[in-house]
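File shown: structure12.cif. Contents: mmCIF, C-alpha atoms and all ligand atoms.
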data_query
loop_
_atom_site.group_PDB
_atom_site.id
_atom_site.type_symbol
_atom_site.label_atom_id
_atom_site.label_comp_id
_atom_site.auth_asym_id
_atom_site.auth_seq_id
_atom_site.Cartn_x
_atom_site.Cartn_y
_atom_site.Cartn_z
ATOM 1 C CA MET A 1 -22.076 32.218 11.312
ATOM 2 C CA LYS A 2 -18.389 31.827 12.068
ATOM 3 C CA LEU A 3 -17.167 28.249 12.179
ATOM 4 C CA PRO A 4 -16.314 26.888 15.632
ATOM 5 C CA LEU A 5 -12.690 26.669 16.586
ATOM 6 C CA ILE A 6 -10.923 23.519 15.512
ATOM 7 C CA ALA A 7 -9.288 23.278 18.965
ATOM 8 C CA SER A 8 -12.674 22.964 20.641
ATOM 9 C CA GLN A 9 -13.568 20.105 18.330
ATOM 10 C CA ILE A 10 -10.331 18.327 19.100
ATOM 11 C CA GLU A 11 -11.109 18.685 22.811
ATOM 12 C CA ALA A 12 -14.531 17.213 22.185
ATOM 13 C CA GLY A 13 -12.949 14.346 20.284
ATOM 14 C CA VAL A 14 -15.302 14.734 17.344
ATOM 15 C CA ASP A 15 -12.763 15.086 14.590
ATOM 16 C CA ARG A 16 -10.718 11.948 14.851
ATOM 17 C CA ALA A 17 -10.247 9.429 12.112
ATOM 18 C CA LEU A 18 -9.728 5.759 12.823
ATOM 19 C CA CYS A 19 -6.597 4.685 10.984
ATOM 20 C CA PHE A 20 -5.130 1.251 10.421
ATOM 21 C CA SER A 21 -1.440 1.122 9.748
ATOM 22 C CA HIS A 22 1.215 -1.549 10.277
ATOM 23 C CA GLY A 23 -1.264 -3.788 12.048
ATOM 24 C CA GLN A 24 -2.241 -1.090 14.553
ATOM 25 C CA LEU A 25 -5.478 0.797 14.962
ATOM 26 C CA SER A 26 -5.140 4.375 16.087
ATOM 27 C CA PHE A 27 -7.098 7.596 16.174
ATOM 28 C CA THR A 28 -5.600 10.487 14.258
ATOM 29 C CA PRO A 29 -7.010 13.986 14.584
ATOM 30 C CA MET A 30 -8.843 14.565 11.319
ATOM 31 C CA THR A 31 -7.261 17.964 10.891
ATOM 32 C CA GLN A 32 -3.842 16.324 10.678
ATOM 33 C CA ILE A 33 -5.098 14.705 7.504
ATOM 34 C CA TYR A 34 -7.583 17.228 6.045
ATOM 35 C CA ASN A 35 -8.663 20.709 7.017
ATOM 36 C CA TYR A 36 -11.951 20.036 5.249
ATOM 37 C CA HIS A 37 -13.488 16.844 3.958
ATOM 38 C CA LEU A 38 -16.428 17.274 1.591
ATOM 39 C CA PHE A 39 -18.895 14.511 0.858
ATOM 40 C CA PHE A 40 -21.244 14.969 -2.083
ATOM 41 C CA CYS A 41 -24.142 12.552 -2.217
ATOM 42 C CA THR A 42 -24.166 11.321 -5.814
ATOM 43 C CA HIS A 43 -26.643 8.535 -5.213
ATOM 44 C CA SER A 44 -28.992 7.573 -8.024
ATOM 45 C CA ARG A 45 -32.093 5.420 -8.017
ATOM 46 C CA ASP A 46 -34.677 4.579 -10.633
ATOM 47 C CA ASP A 47 -37.758 3.987 -8.508
ATOM 48 C CA GLY A 48 -39.105 7.507 -8.999
ATOM 49 C CA THR A 49 -38.165 8.726 -5.541
ATOM 50 C CA ALA A 50 -35.989 11.747 -4.874
ATOM 51 C CA HIS A 51 -32.250 11.314 -5.255
ATOM 52 C CA CYS A 52 -29.324 13.697 -5.519
ATOM 53 C CA GLU A 53 -28.098 12.582 -8.931
ATOM 54 C CA GLN A 54 -31.373 13.801 -10.486
ATOM 55 C CA HIS A 55 -29.957 17.297 -9.782
ATOM 56 C CA GLY A 56 -26.621 16.580 -11.470
ATOM 57 C CA ALA A 57 -24.781 15.832 -8.240
ATOM 58 C CA GLN A 58 -21.908 13.969 -9.900
ATOM 59 C CA SER A 59 -21.076 16.830 -12.238
ATOM 60 C CA MET A 60 -21.291 19.300 -9.335
ATOM 61 C CA ARG A 61 -18.959 17.131 -7.268
ATOM 62 C CA ASP A 62 -16.553 16.965 -10.215
ATOM 63 C CA TYR A 63 -16.765 20.763 -10.548
ATOM 64 C CA ALA A 64 -15.986 21.239 -6.841
ATOM 65 C CA LYS A 65 -13.051 18.840 -7.008
ATOM 66 C CA GLN A 66 -11.575 20.686 -9.996
ATOM 67 C CA ARG A 67 -12.063 24.111 -8.343
ATOM 68 C CA VAL A 68 -10.291 22.933 -5.178
ATOM 69 C CA LYS A 69 -7.460 21.671 -7.357
ATOM 70 C CA ASP A 70 -7.307 24.860 -9.454
ATOM 71 C CA LEU A 71 -7.246 27.003 -6.312
ATOM 72 C CA LYS A 72 -4.515 24.760 -4.848
ATOM 73 C CA LEU A 73 -6.368 24.428 -1.545
ATOM 74 C CA LYS A 74 -4.263 22.290 0.742
ATOM 75 C CA LYS A 75 -5.617 19.490 2.914
ATOM 76 C CA VAL A 76 -9.067 19.615 1.289
ATOM 77 C CA ARG A 77 -10.627 16.381 0.054
ATOM 78 C CA VAL A 78 -13.733 16.138 -2.151
ATOM 79 C CA ASN A 79 -15.402 12.731 -2.184
ATOM 80 C CA ASN A 80 -18.475 11.049 -3.546
ATOM 81 C CA ALA A 81 -20.883 9.598 -1.028
ATOM 82 C CA GLY A 82 -23.789 7.232 -1.236
ATOM 83 C CA CYS A 83 -27.207 8.242 0.015
ATOM 84 C CA LEU A 84 -26.942 10.453 3.099
ATOM 85 C CA ASN A 85 -30.624 9.924 3.910
ATOM 86 C CA ARG A 86 -31.671 13.525 3.287
ATOM 87 C CA CYS A 87 -32.935 12.793 -0.211
ATOM 88 C CA ASN A 88 -35.894 15.168 -0.258
ATOM 89 C CA LEU A 89 -33.609 18.094 0.548
ATOM 90 C CA GLY A 90 -31.048 17.201 -2.103
ATOM 91 C CA PRO A 91 -28.697 17.580 -3.684
ATOM 92 C CA MET A 92 -26.796 17.359 -0.413
ATOM 93 C CA LEU A 93 -23.215 18.058 0.564
ATOM 94 C CA VAL A 94 -21.738 17.759 4.045
ATOM 95 C CA ILE A 95 -18.427 19.237 5.158
ATOM 96 C CA TYR A 96 -16.357 17.933 8.056
ATOM 97 C CA PRO A 97 -14.953 18.456 10.617
ATOM 98 C CA GLU A 98 -17.870 20.780 11.395
ATOM 99 C CA GLY A 99 -20.609 18.556 9.977
ATOM 100 C CA ILE A 100 -22.231 21.447 8.105
ATOM 101 C CA TRP A 101 -24.852 20.388 5.546
ATOM 102 C CA TYR A 102 -25.548 22.313 2.348
ATOM 103 C CA ARG A 103 -28.068 22.153 -0.434
ATOM 104 C CA TYR A 104 -26.639 23.644 -3.609
ATOM 105 C CA GLU A 105 -28.257 24.357 -6.976
ATOM 106 C CA SER A 106 -25.531 25.729 -9.207
ATOM 107 C CA THR A 107 -21.829 26.077 -9.791
ATOM 108 C CA GLN A 108 -22.192 29.589 -8.336
ATOM 109 C CA ASP A 109 -23.369 27.972 -5.080
ATOM 110 C CA ILE A 110 -20.349 25.663 -5.118
ATOM 111 C CA ASP A 111 -18.061 28.640 -5.735
ATOM 112 C CA GLU A 112 -19.644 30.452 -2.786
ATOM 113 C CA ILE A 113 -19.209 27.436 -0.495
ATOM 114 C CA ILE A 114 -15.549 27.117 -1.502
ATOM 115 C CA GLU A 115 -14.840 30.831 -1.065
ATOM 116 C CA SER A 116 -16.772 31.324 2.154
ATOM 117 C CA HIS A 117 -16.517 27.997 3.989
ATOM 118 C CA LEU A 118 -13.191 26.602 2.814
ATOM 119 C CA ILE A 119 -11.222 29.804 2.353
ATOM 120 C CA GLN A 120 -12.783 32.316 4.775
ATOM 121 C CA GLY A 121 -14.072 29.841 7.369
ATOM 122 C CA LYS A 122 -17.650 31.175 7.272
ATOM 123 C CA VAL A 123 -20.748 29.045 6.850
ATOM 124 C CA VAL A 124 -22.952 29.963 3.873
ATOM 125 C CA GLU A 125 -26.138 30.240 5.888
ATOM 126 C CA ARG A 126 -28.461 30.677 2.900
ATOM 127 C CA LEU A 127 -27.459 27.209 1.631
ATOM 128 C CA GLN A 128 -27.240 25.461 5.005
ATOM 129 C CA ARG A 129 -29.778 22.699 5.694
HETATM 130 S S1 LIG A 201 -29.968 10.376 -2.537
HETATM 131 FE FE1 LIG A 201 -28.766 11.993 -1.745
HETATM 132 S S2 LIG A 201 -29.296 12.064 0.346
HETATM 133 FE FE2 LIG A 201 -30.359 10.343 -0.418
#

Please express what this file holds, its structure, as structure tokens.
Ligand code: FES
Amino acid sequence: MKLPLIASQIEAGVDRALCFSHGQLSFTPMTQIYNYHLFFCTHSRDDGTAHCEQHGAQSMRDYAKQRVKDLKLKKVRVNNAGCLNRCNLGPMLVIYPEGIWYRYESTQDIDEIIESHLIQGKVVERLQR
């Protein structure tokens, strides 16, 4: 699946970030800040229920962050996130501005997401959830 055009998302107003600067609130198109913003759930809990960190989510997030840096991808941000409430499907990653969700299992999956989604602009359908 080819990613939707950024322009159509701007028209729909779904990619704006609320910014606070110099005492003023304003909306800035997200793509002026980042082309892609990745959120890895790295939540952990010890009550025996499913959580992303039980699959090594933090180390996978760290791997992704280093790969983005090594590849010198511009305007790409890789962040940790708390629970994204899709625990039983985890480990979960969501990429904006499209809001595409992935379940990954390995560094090879992360490499494929970076190459296909971030570089070629194509969703990795086999990992999409
Ligand atoms: S612990 Fe990751 S989605 Fe809930």

Applying the PyMOL selection byres (((chain A and resi 59-69) around 7) and not hetatm) to the file I just gave you, which residues come out? Please list them as a ChimeraX atom specification. /A:40,56-58,70-73,78,107,110

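Nearest to Leu89 in chain A of all the residues A:Tyr104, A:Gly23, A:Thr31, A:Ile113 is A:Tyr104, based on only C-alpha atoms.
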
Expanded to explicit residues, what is the PyMOL selection byres (((not hetatm)) within 8 of (chain A and resi 201)) for this file, as a PyMOL selection string? chain A and resi 41-45+50-53+82-92

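Nearest to Glu105 in chain A of all the residues A:Leu93, A:Leu25, A:Ile33, A:Leu38 is A:Leu93, based on all atoms listed in the file.
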
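Nearest to Val124 in chain A of all the residues A:Gln24, A:Trp101, A:Met30, A:Ser106 is A:Trp101, counting only C-alpha atoms.
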
Build an axis-aligned box that encloses every atom of range 53-63 of chain A listed in the file, pad it by 8 Å on each side, and report its centre and edge lengths in Å to one decimal, as lines of an AutoDock Vina configuration file.
center_x = -24.0
center_y = 16.7
center_z = -9.8
size_x = 30.8
size_y = 24.2
size_z = 21.0

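Here CA of Pro29 in chain A is placed at a distance of 16.4 Å from CA of Lys74 in chain A.
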
Nearest to Asn80 in chain A, restricted to only C-alpha atoms and choosing among A:Glu112, A:Arg126, A:Gly99, A:Val94, comes out as A:Val94

Would you kindly translate the PyMOL selection byres (((chain A and resi 125) around 12) and not hetatm) into the concrete residues it picks from this file, as a list in words? Met1, Lys2, Leu3, Ile100, Trp101, Tyr102, Arg103, Tyr104, Asp109, Glu112, Ile113, Ser116, His117, Lys122, Val123, Val124, Arg126, Leu127, Gln128 and Arg129 of chain A

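What separates CA of Gly121 in chain A from CA of Ser26 in chain A is a distance of 28.4 Å.
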
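The two atoms in question, CA of Val76 in chain A and CA of Phe27 in chain A, are spaced 19.2 Å apart.
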
Could you write range 50-66 of chain A as an mmCIF file, keeping the file's coordinate frame, with N, CA and C atoms rebuilt where they are missing?
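And here is the file that came out, result_2.cif:
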data_model
loop_
_atom_site.group_PDB
_atom_site.id
_atom_site.type_symbol
_atom_site.label_atom_id
_atom_site.label_comp_id
_atom_site.auth_asym_id
_atom_site.auth_seq_id
_atom_site.Cartn_x
_atom_site.Cartn_y
_atom_site.Cartn_z
ATOM 1 N N ALA A 50 -37.003 10.691 -4.817
ATOM 2 C CA ALA A 50 -35.989 11.747 -4.874
ATOM 3 C C ALA A 50 -34.594 11.180 -4.661
ATOM 4 N N HIS A 51 -33.649 11.690 -5.421
ATOM 5 C CA HIS A 51 -32.250 11.314 -5.255
ATOM 6 C C HIS A 51 -31.376 12.444 -5.784
ATOM 7 N N CYS A 52 -30.178 12.548 -5.228
ATOM 8 C CA CYS A 52 -29.324 13.697 -5.519
ATOM 9 C C CYS A 52 -28.838 13.738 -6.963
ATOM 10 N N GLU A 53 -28.612 12.580 -7.568
ATOM 11 C CA GLU A 53 -28.098 12.582 -8.931
ATOM 12 C C GLU A 53 -29.107 13.174 -9.917
ATOM 13 N N GLN A 54 -30.393 13.195 -9.580
ATOM 14 C CA GLN A 54 -31.373 13.801 -10.486
ATOM 15 C C GLN A 54 -31.134 15.305 -10.618
ATOM 16 N N HIS A 55 -30.313 15.873 -9.734
ATOM 17 C CA HIS A 55 -29.957 17.297 -9.782
ATOM 18 C C HIS A 55 -28.542 17.495 -10.322
ATOM 19 N N GLY A 56 -27.969 16.461 -10.908
ATOM 20 C CA GLY A 56 -26.621 16.580 -11.470
ATOM 21 C C GLY A 56 -25.526 16.572 -10.424
ATOM 22 N N ALA A 57 -25.725 15.818 -9.353
ATOM 23 C CA ALA A 57 -24.781 15.832 -8.240
ATOM 24 C C ALA A 57 -23.373 15.412 -8.643
ATOM 25 N N GLN A 58 -23.254 14.426 -9.515
ATOM 26 C CA GLN A 58 -21.908 13.969 -9.900
ATOM 27 C C GLN A 58 -21.132 15.070 -10.617
ATOM 28 N N SER A 59 -21.792 15.767 -11.516
ATOM 29 C CA SER A 59 -21.076 16.830 -12.238
ATOM 30 C C SER A 59 -20.742 17.988 -11.300
ATOM 31 N N MET A 60 -21.585 18.243 -10.310
ATOM 32 C CA MET A 60 -21.291 19.300 -9.335
ATOM 33 C C MET A 60 -20.139 18.888 -8.432
ATOM 34 N N ARG A 61 -20.098 17.627 -8.061
ATOM 35 C CA ARG A 61 -18.959 17.131 -7.268
ATOM 36 C C ARG A 61 -17.675 17.245 -8.077
ATOM 37 N N ASP A 62 -17.736 16.867 -9.357
ATOM 38 C CA ASP A 62 -16.553 16.965 -10.215
ATOM 39 C C ASP A 62 -16.101 18.423 -10.346
ATOM 40 N N TYR A 63 -17.084 19.335 -10.465
ATOM 41 C CA TYR A 63 -16.765 20.763 -10.548
ATOM 42 C C TYR A 63 -16.047 21.222 -9.275
ATOM 43 N N ALA A 64 -16.595 20.840 -8.119
ATOM 44 C CA ALA A 64 -15.986 21.239 -6.841
ATOM 45 C C ALA A 64 -14.567 20.703 -6.727
ATOM 46 N N LYS A 65 -14.383 19.450 -7.099
ATOM 47 C CA LYS A 65 -13.051 18.840 -7.008
ATOM 48 C C LYS A 65 -12.046 19.595 -7.886
ATOM 49 N N GLN A 66 -12.465 19.955 -9.093
ATOM 50 C CA GLN A 66 -11.575 20.686 -9.996
ATOM 51 C C GLN A 66 -11.273 22.077 -9.463
#
